[in-house]
Amino acid sequence: MTPRRTLATAARVLAQLRRDPRSIALMLIAPSLLVGLFAWLFSDQEGVFDRLGGPILALFPFILMFLLTSITTLRERRSGTLERLMTTPLGKADFILGYALAFGLMAVLQAVVTVAFAVLVCGLSVDGPLWQLGLVAVVDALLGTALGLLASAFARTEFQAVQFMPVLVFPQIILGGLFMPRDQMPDVLHAISDWLPLSHAIDAIQAVTAGTEGWDLWRPVLIVGAFAVAFLVLAPLTLRRRTP
Amino acid sequence: MMNNAVEIVGLEVRRGGSTVFDGLDLTIPRGRIPGLLGPSGCGKTTLMRSIVGVQRIHGGRVTVLGAAAGSAGLRRRVAYGTQGAAVYGDLTVRQNMRYLAAVLGVDRREADRVISEVGLSSHARQPAGSLSGGQASRVSLGMALLGAPEVIVLDEPTVGLDPMLRADLWALFRRIADAGTTLLVSSHVMDEAARCDRLVLMRAGRVIAQTTPEALSAETGERDPEAAFLTLIARDEAAHAPSRRGRRGEQGEEGRR
């Protein structure tokens, strides 16, 4: 792995994205529209958006980045370009980190746009500082990117990548604390939810919106970050130069 | 100095439950244009993938330029052009070339030089996905040329191209080979055999002959390469009739792959 090859790969992925306005719109504009729809839905019910708006802010970027990342890397596997790259000095980690950097940059932009929209346009009330909300949103989107990169290793077609949604993503949404606070769940489900990264992503967002400080805020942020790093470390290990 | 580009001993490969190679031996000397010919499904792509080190193998040894196929030291010395131009369709010709140049640690100017070598200077700013089939093949070939590799492996680079484009591409192959590069090219179109310097004829996972175009027509008495190949197959079947019977089921599978 070398910085030059990793950065060249990131630049190449970004150049490809530039020619794909739909994906850019999906990443940068779609989460704001969904948050806006949510705010509008509950516009007559006092306090609901303030309670659910935060978790929604964690959810949509996570799902979108998961989908986009896994499908984009699969396209590379399918088109033969990855096979060619595997005959060159490009390291497997160069490939994964190149993608992670490119989509990570998009995740940062996405977080800035979505948080700004949620707070300024939709009036989400946040007790903690805004930069913390932005930071947590970035870490959540990076989590989606990292999980997408890892999941794409286990799929052979784009369709199989979409099949991961109900397996890897939906249970995390149901048990994440959005529909029911996690401490009110049956014990077994609560224990399971402790092992799901999205639960901690939602915890972190809720901590910021509630103005929590110190360990109660940074603990979930660190856990989400650790999950993202673990996924990124595992992803190159699942990539194979030799395939059947 | 290693005189063989490729040395294969006892190669065994299984794919999707069927046996592609069951102890294949093959030596390809260095230099010029060796052609790998045979019908679709005979194992050409699997053999090429084994040579460039992206095929999972189940036995035997593949040595390229004296080193184990796919080993780190070979990744600059051996280049691979997959079947169907493996290029980023949404990037321009120049972006495609420059990305691979960066991966190989080759100067950007080298990327531009290769673009003109494969005759695509006027299309350098065009997205690779909008090029014609012949032009896309040239991009793929250009990417294989980057960094001046010693062995270039091209899987069916001329398939589906019209005769004019094929002639152009072969003239380009000839120039590259004349500069000292070994260009291993596969094809299922027997007409292309006449353009190669040496021939490896394959059928159903076996090498049935290693020859030259001249020797092939002299030996079979057929001027037409297609007819010469059919003659060789008939001889091969006669010679291997007893041993072939047991493997018929597997070969049927391969044909459909």
# chains A, B, ... in the order shown; residues from 1 in each chain; ligands from 1
call {"tool": "residues_around", "arguments": {"residues": "B:Leu91", "least_positions_apart": "5", "cutoff": "9 Å", "atoms": "only C-alpha atoms", "output": "ChimeraX atom specification"}}
result
/A:12,15-16,19 /B:96,125-129
call {"tool": "closest_atom_pairs", "arguments": {"of": "chain A", "to": "chain B", "cutoff": "8 Å", "atoms": "only C-alpha atoms", "output": "Markdown table"}}
result
| residue | atom | partner | partner_atom | distance |
| --- | --- | --- | --- | --- |
| A:Arg4 | CA | B:Ala102 | CA | 7.4 |
| A:Arg5 | CA | B:Val103 | CA | 5.2 |
| A:Ala8 | CA | B:Ala102 | CA | 6.3 |
| A:Thr9 | CA | B:Tyr99 | CA | 7.3 |
| A:Arg12 | CA | B:Tyr99 | CA | 6.6 |
| A:Ala15 | CA | B:Leu91 | CA | 7.2 |
| A:Gln16 | CA | B:Asp90 | CA | 6.0 |
| A:Arg19 | CA | B:Asp90 | CA | 6.6 |
| A:Ser79 | CA | B:Ala86 | CA | 6.1 |
| A:Gly80 | CA | B:Ala86 | CA | 5.1 |
| A:Thr81 | CA | B:Ala86 | CA | 4.9 |
| A:Glu83 | CA | B:Val54 | CA | 7.1 |
| A:Arg84 | CA | B:Tyr80 | CA | 6.3 |
| A:Met86 | CA | B:Val54 | CA | 7.1 |
| A:Thr87 | CA | B:Arg75 | CA | 5.7 |
| A:Thr88 | CA | B:Arg75 | CA | 4.7 |
| A:Pro89 | CA | B:Arg75 | CA | 5.4 |
| A:Leu90 | CA | B:Val103 | CA | 6.0 |
| A:Arg241 | CA | B:Val54 | CA | 5.5 |
| A:Arg242 | CA | B:Val54 | CA | 4.0 |
| A:Thr243 | CA | B:Arg56 | CA | 5.3 |
| A:Pro244 | CA | B:Arg56 | CA | 5.2 |
call {"tool": "write_last_selection", "arguments": {"atoms": "N, CA and C atoms", "output": "CSV table (one decimal), in the first residue's frame"}}
result
chain,number,residue,atom,x,y,z
A,4,ARG,N,0.5,7.2,-2.8
A,4,ARG,CA,0.3,7.6,-4.2
A,4,ARG,C,-0.9,6.8,-4.8
A,5,ARG,N,-0.8,5.5,-4.6
A,5,ARG,CA,-1.8,4.6,-5.3
A,5,ARG,C,-3.1,4.8,-4.7
A,8,ALA,N,-4.5,8.1,-5.9
A,8,ALA,CA,-4.8,8.0,-7.3
A,8,ALA,C,-6.2,7.3,-7.5
A,9,THR,N,-6.4,6.3,-6.7
A,9,THR,CA,-7.6,5.5,-6.7
A,9,THR,C,-8.8,6.4,-6.3
A,12,ARG,N,-9.6,8.9,-8.9
A,12,ARG,CA,-10.3,8.3,-10.0
A,12,ARG,C,-11.7,8.0,-9.7
A,15,ALA,N,-13.5,11.2,-9.9
A,15,ALA,CA,-13.7,11.6,-11.3
A,15,ALA,C,-14.9,10.9,-11.9
A,16,GLN,N,-15.0,9.6,-11.6
A,16,GLN,CA,-16.2,8.9,-12.1
A,16,GLN,C,-17.5,9.4,-11.5
A,19,ARG,N,-19.0,12.4,-13.2
A,19,ARG,CA,-19.8,12.2,-14.4
A,19,ARG,C,-21.1,11.5,-14.1
A,79,SER,N,-16.9,-5.4,-14.1
A,79,SER,CA,-16.5,-4.9,-15.4
A,79,SER,C,-15.2,-5.4,-15.8
A,80,GLY,N,-14.5,-6.1,-14.9
A,80,GLY,CA,-13.2,-6.6,-15.3
A,80,GLY,C,-12.0,-5.7,-15.0
A,81,THR,N,-12.4,-4.4,-14.6
A,81,THR,CA,-11.3,-3.5,-14.2
A,81,THR,C,-10.6,-3.9,-12.9
A,83,GLU,N,-10.2,-6.9,-12.0
A,83,GLU,CA,-9.3,-8.0,-12.3
A,83,GLU,C,-8.0,-7.5,-12.9
A,84,ARG,N,-8.1,-6.5,-13.8
A,84,ARG,CA,-6.9,-5.9,-14.3
A,84,ARG,C,-6.0,-5.3,-13.2
A,86,MET,N,-5.8,-6.1,-10.2
A,86,MET,CA,-5.2,-7.1,-9.3
A,86,MET,C,-4.0,-7.7,-10.0
A,87,THR,N,-3.7,-7.4,-11.2
A,87,THR,CA,-2.5,-7.9,-11.9
A,87,THR,C,-1.4,-6.8,-11.8
A,88,THR,N,-1.8,-5.6,-11.2
A,88,THR,CA,-0.8,-4.5,-11.1
A,88,THR,C,-0.3,-4.4,-9.7
A,89,PRO,N,0.7,-3.5,-9.4
A,89,PRO,CA,1.2,-3.4,-8.1
A,89,PRO,C,0.2,-2.8,-7.1
A,90,LEU,N,-1.0,-2.4,-7.5
A,90,LEU,CA,-2.0,-1.8,-6.6
A,90,LEU,C,-2.3,-2.8,-5.5
A,241,ARG,N,-6.9,-11.6,-4.8
A,241,ARG,CA,-6.2,-11.4,-6.2
A,241,ARG,C,-6.6,-12.6,-7.1
A,242,ARG,N,-6.7,-13.8,-6.5
A,242,ARG,CA,-7.0,-14.9,-7.3
A,242,ARG,C,-8.5,-15.3,-7.0
A,243,THR,N,-9.3,-15.4,-8.1
A,243,THR,CA,-10.7,-15.8,-7.9
A,243,THR,C,-11.0,-17.1,-8.6
A,244,PRO,N,-12.1,-17.8,-8.3
A,244,PRO,CA,-12.3,-19.1,-8.9
A,244,PRO,C,-12.6,-18.9,-10.4
call {"tool": "residues_around", "arguments": {"residues": "B:Gln210", "least_positions_apart": "3", "cutoff": "8 Å", "atoms": "only C-alpha atoms", "output": "ChimeraX atom specification"}}
result
/B:198-201,207
call {"tool": "closest_residue", "arguments": {"among": "B:Pro213, B:Gly119, B:Gly60, B:Gly31", "to": "B:Arg195", "atoms": "only C-alpha atoms"}}
result
B:Pro213
call {"tool": "residues_around", "arguments": {"residues": "stretch 193-203 of chain A", "least_positions_apart": "6", "cutoff": "8 Å", "atoms": "only C-alpha atoms", "output": "ChimeraX atom specification"}}
result
/A:54-55,58-59,136,140,172-173,175-178,182,220-221,223-224,227
call {"tool": "closest_residue", "arguments": {"among": "B:Ile33, B:Ala67, B:Ala124, B:Leu26", "to": "B:Phe173", "atoms": "only C-alpha atoms"}}
result
B:Ile33
call {"tool": "residues_around", "arguments": {"residues": "B:Gly43", "least_positions_apart": "6", "cutoff": "12 Å", "atoms": "only C-alpha atoms", "output": "number ranges by chain"}}
result
B: 11-15, 18-22, 24, 36-37, 49-50, 55, 155, 186-188, 201-207, 251, 253-257
call {"tool": "write_last_selection", "arguments": {"atoms": "N, CA and C atoms", "output": "short mmCIF file (atom, residue, chain, number, x, y, z; two decimals), in the first residue's frame"}}
result
data_model
loop_
_atom_site.label_atom_id
_atom_site.label_comp_id
_atom_site.auth_asym_id
_atom_site.auth_seq_id
_atom_site.Cartn_x
_atom_site.Cartn_y
_atom_site.Cartn_z
N LEU B 11 -0.58 -28.16 -14.46
CA LEU B 11 -1.60 -27.21 -13.97
C LEU B 11 -2.97 -27.88 -13.84
N GLU B 12 -3.55 -27.70 -12.66
CA GLU B 12 -4.91 -28.21 -12.43
C GLU B 12 -5.79 -27.05 -12.02
N VAL B 13 -6.91 -26.91 -12.71
CA VAL B 13 -7.87 -25.86 -12.36
C VAL B 13 -9.27 -26.45 -12.45
N ARG B 14 -10.07 -26.17 -11.42
CA ARG B 14 -11.48 -26.55 -11.47
C ARG B 14 -12.31 -25.29 -11.32
N ARG B 15 -13.35 -25.19 -12.10
CA ARG B 15 -14.24 -24.04 -12.00
C ARG B 15 -15.68 -24.52 -11.98
N SER B 18 -16.54 -28.23 -12.42
CA SER B 18 -16.01 -29.02 -13.53
C SER B 18 -14.51 -28.77 -13.67
N THR B 19 -13.84 -29.75 -14.23
CA THR B 19 -12.38 -29.65 -14.37
C THR B 19 -12.04 -28.94 -15.67
N VAL B 20 -11.29 -27.86 -15.57
CA VAL B 20 -10.87 -27.15 -16.77
C VAL B 20 -9.53 -27.71 -17.23
N PHE B 21 -8.55 -27.80 -16.32
CA PHE B 21 -7.24 -28.38 -16.62
C PHE B 21 -6.98 -29.51 -15.64
N ASP B 22 -6.49 -30.61 -16.19
CA ASP B 22 -6.19 -31.76 -15.34
C ASP B 22 -4.74 -32.15 -15.64
N LEU B 24 -2.06 -29.78 -16.99
CA LEU B 24 -1.64 -29.19 -18.27
C LEU B 24 -0.16 -28.78 -18.21
N LEU B 36 -2.78 -18.16 -28.83
CA LEU B 36 -3.45 -19.23 -28.10
C LEU B 36 -4.78 -19.42 -28.80
N LEU B 37 -4.93 -20.52 -29.54
CA LEU B 37 -6.15 -20.66 -30.33
C LEU B 37 -6.92 -21.90 -29.96
N ARG B 49 -5.69 -16.31 -17.35
CA ARG B 49 -5.86 -15.84 -15.97
C ARG B 49 -4.84 -16.52 -15.05
N SER B 50 -4.53 -17.79 -15.33
CA SER B 50 -3.51 -18.48 -14.53
C SER B 50 -2.14 -17.85 -14.74
N GLN B 55 -6.15 -16.38 -11.39
CA GLN B 55 -6.97 -17.59 -11.36
C GLN B 55 -6.57 -18.44 -10.16
N ASP B 155 -6.54 -11.15 -23.98
CA ASP B 155 -7.57 -12.17 -24.17
C ASP B 155 -8.56 -11.72 -25.25
N SER B 186 -4.95 -14.41 -27.52
CA SER B 186 -5.84 -15.56 -27.72
C SER B 186 -6.90 -15.20 -28.75
N SER B 187 -7.42 -16.23 -29.38
CA SER B 187 -8.51 -16.01 -30.33
C SER B 187 -9.24 -17.32 -30.56
N HIS B 188 -10.54 -17.21 -30.87
CA HIS B 188 -11.23 -18.43 -31.30
C HIS B 188 -11.47 -18.39 -32.81
N LEU B 201 -2.41 -24.65 -29.91
CA LEU B 201 -3.79 -25.00 -30.24
C LEU B 201 -4.39 -25.78 -29.07
N MET B 202 -5.52 -25.31 -28.60
CA MET B 202 -6.15 -25.93 -27.42
C MET B 202 -7.50 -26.50 -27.78
N ARG B 203 -7.85 -27.51 -27.01
CA ARG B 203 -9.19 -28.04 -27.16
C ARG B 203 -9.56 -28.75 -25.86
N ALA B 204 -10.72 -28.41 -25.32
CA ALA B 204 -11.25 -29.08 -24.13
C ALA B 204 -10.21 -29.21 -23.02
N GLY B 205 -9.54 -28.11 -22.71
CA GLY B 205 -8.63 -28.11 -21.57
C GLY B 205 -7.29 -28.78 -21.82
N ARG B 206 -6.99 -29.10 -23.09
CA ARG B 206 -5.70 -29.71 -23.40
C ARG B 206 -5.03 -28.96 -24.53
N VAL B 207 -3.70 -28.96 -24.53
CA VAL B 207 -2.95 -28.41 -25.66
C VAL B 207 -2.81 -29.54 -26.66
N GLN B 251 -16.27 -32.36 -20.28
CA GLN B 251 -16.05 -31.50 -21.43
C GLN B 251 -17.35 -30.87 -21.90
N GLU B 253 -19.71 -29.91 -19.98
CA GLU B 253 -19.90 -28.77 -19.09
C GLU B 253 -19.12 -27.55 -19.57
N GLU B 254 -17.85 -27.81 -19.94
CA GLU B 254 -16.99 -26.70 -20.35
C GLU B 254 -17.52 -26.00 -21.58
N GLY B 255 -18.01 -26.81 -22.52
CA GLY B 255 -18.48 -26.24 -23.76
C GLY B 255 -19.58 -25.22 -23.52
N ARG B 256 -20.37 -25.46 -22.48
CA ARG B 256 -21.49 -24.57 -22.23
C ARG B 256 -21.09 -23.35 -21.42
N ARG B 257 -19.90 -23.38 -20.82
CA ARG B 257 -19.50 -22.30 -19.95
C ARG B 257 -19.36 -20.97 -20.68
#
call {"tool": "atom_distance", "arguments": {"atom1": "atom CA of B:Ala167", "atom2": "atom CA of B:Met48"}}
result
23.1 Å
call {"tool": "residues_around", "arguments": {"residues": "A:Phe164", "least_positions_apart": "4", "cutoff": "9 Å", "atoms": "only C-alpha atoms", "output": "list in words"}}
result
Ala151, Ala155, Gln160, Leu168 and Val169 of chain A
call {"tool": "residues_around", "arguments": {"residues": "A:Phe38", "least_positions_apart": "3", "cutoff": "9 Å", "atoms": "only C-alpha atoms", "output": "VMD selection string"}}
result
chain A and resid 33 to 35 41 to 43 49 52 to 53 56
call {"tool": "write_last_selection", "arguments": {"atoms": "C-alpha atoms", "output": "short mmCIF file (atom, residue, chain, number, x, y, z; two decimals), in the first residue's frame"}}
result
data_model
loop_
_atom_site.label_atom_id
_atom_site.label_comp_id
_atom_site.auth_asym_id
_atom_site.auth_seq_id
_atom_site.Cartn_x
_atom_site.Cartn_y
_atom_site.Cartn_z
CA LEU A 33 -35.39 16.10 1.13
CA LEU A 34 -36.19 13.08 3.27
CA VAL A 35 -35.50 15.00 6.48
CA LEU A 41 -45.20 15.24 8.29
CA PHE A 42 -44.97 16.15 11.97
CA SER A 43 -45.25 19.91 11.53
CA PHE A 49 -39.54 16.19 14.92
CA LEU A 52 -37.11 11.84 15.81
CA GLY A 53 -35.25 14.31 13.59
CA ILE A 56 -33.40 10.29 11.03
#
call {"tool": "closest_residue", "arguments": {"among": "B:Ala218, B:Ala227, B:Leu169, B:Leu65", "to": "B:Asp191", "atoms": "only C-alpha atoms"}}
result
B:Ala227
call {"tool": "select_by_dssp", "arguments": {"residues": "stretch 94-222 of chain B", "states": "strand (DSSP E)", "output": "PyMOL selection string"}}
result
chain B and resi 151-154+182-187+198-203+206-211
call {"tool": "write_last_selection", "arguments": {"atoms": "N, CA and C atoms", "output": "short mmCIF file (atom, residue, chain, number, x, y, z; two decimals), in the first residue's frame"}}
result
data_model
loop_
_atom_site.label_atom_id
_atom_site.label_comp_id
_atom_site.auth_asym_id
_atom_site.auth_seq_id
_atom_site.Cartn_x
_atom_site.Cartn_y
_atom_site.Cartn_z
N VAL B 151 5.99 -8.95 -20.84
CA VAL B 151 5.00 -9.89 -21.38
C VAL B 151 3.63 -9.23 -21.31
N ILE B 152 2.91 -9.22 -22.43
CA ILE B 152 1.55 -8.69 -22.45
C ILE B 152 0.61 -9.83 -22.82
N VAL B 153 -0.39 -10.05 -21.99
CA VAL B 153 -1.36 -11.13 -22.21
C VAL B 153 -2.68 -10.48 -22.61
N LEU B 154 -3.13 -10.76 -23.83
CA LEU B 154 -4.37 -10.14 -24.32
C LEU B 154 -5.39 -11.22 -24.65
N THR B 182 6.93 -9.73 -25.53
CA THR B 182 6.22 -10.96 -25.85
C THR B 182 4.74 -10.67 -25.75
N LEU B 183 4.01 -10.92 -26.82
CA LEU B 183 2.58 -10.58 -26.87
C LEU B 183 1.79 -11.88 -27.00
N LEU B 184 1.25 -12.37 -25.90
CA LEU B 184 0.45 -13.59 -25.95
C LEU B 184 -0.99 -13.20 -26.22
N VAL B 185 -1.50 -13.67 -27.37
CA VAL B 185 -2.83 -13.25 -27.83
C VAL B 185 -3.70 -14.49 -27.98
N SER B 186 -4.95 -14.41 -27.52
CA SER B 186 -5.84 -15.56 -27.72
C SER B 186 -6.90 -15.20 -28.75
N SER B 187 -7.42 -16.23 -29.38
CA SER B 187 -8.51 -16.01 -30.33
C SER B 187 -9.24 -17.32 -30.56
N ARG B 198 3.89 -18.09 -33.42
CA ARG B 198 3.85 -19.47 -32.92
C ARG B 198 2.42 -19.74 -32.51
N LEU B 199 2.04 -21.02 -32.52
CA LEU B 199 0.66 -21.35 -32.21
C LEU B 199 0.59 -22.38 -31.08
N VAL B 200 -0.31 -22.12 -30.16
CA VAL B 200 -0.68 -23.12 -29.17
C VAL B 200 -2.14 -23.44 -29.45
N LEU B 201 -2.41 -24.65 -29.91
CA LEU B 201 -3.79 -25.00 -30.24
C LEU B 201 -4.39 -25.78 -29.07
N MET B 202 -5.52 -25.31 -28.60
CA MET B 202 -6.15 -25.93 -27.42
C MET B 202 -7.50 -26.50 -27.78
N ARG B 203 -7.85 -27.51 -27.01
CA ARG B 203 -9.19 -28.04 -27.16
C ARG B 203 -9.56 -28.75 -25.86
N ARG B 206 -6.99 -29.10 -23.09
CA ARG B 206 -5.70 -29.71 -23.40
C ARG B 206 -5.03 -28.96 -24.53
N VAL B 207 -3.70 -28.96 -24.53
CA VAL B 207 -2.95 -28.41 -25.66
C VAL B 207 -2.81 -29.54 -26.66
N ILE B 208 -3.40 -29.40 -27.85
CA ILE B 208 -3.33 -30.50 -28.81
C ILE B 208 -2.18 -30.32 -29.79
N ALA B 209 -1.65 -29.10 -29.91
CA ALA B 209 -0.48 -28.93 -30.77
C ALA B 209 0.22 -27.62 -30.45
N GLN B 210 1.55 -27.64 -30.57
CA GLN B 210 2.33 -26.41 -30.53
C GLN B 210 3.12 -26.37 -31.81
N THR B 211 2.88 -25.35 -32.59
CA THR B 211 3.42 -25.35 -33.94
C THR B 211 3.59 -23.91 -34.42
#
call {"tool": "select_by_dssp", "arguments": {"residues": "stretch 44-155 of chain B", "states": "helix (DSSP H, G or I)", "output": "PyMOL selection string"}}
result
chain B and resi 44-52+72-75+93-104+108-117+121-123+128-130+133-145
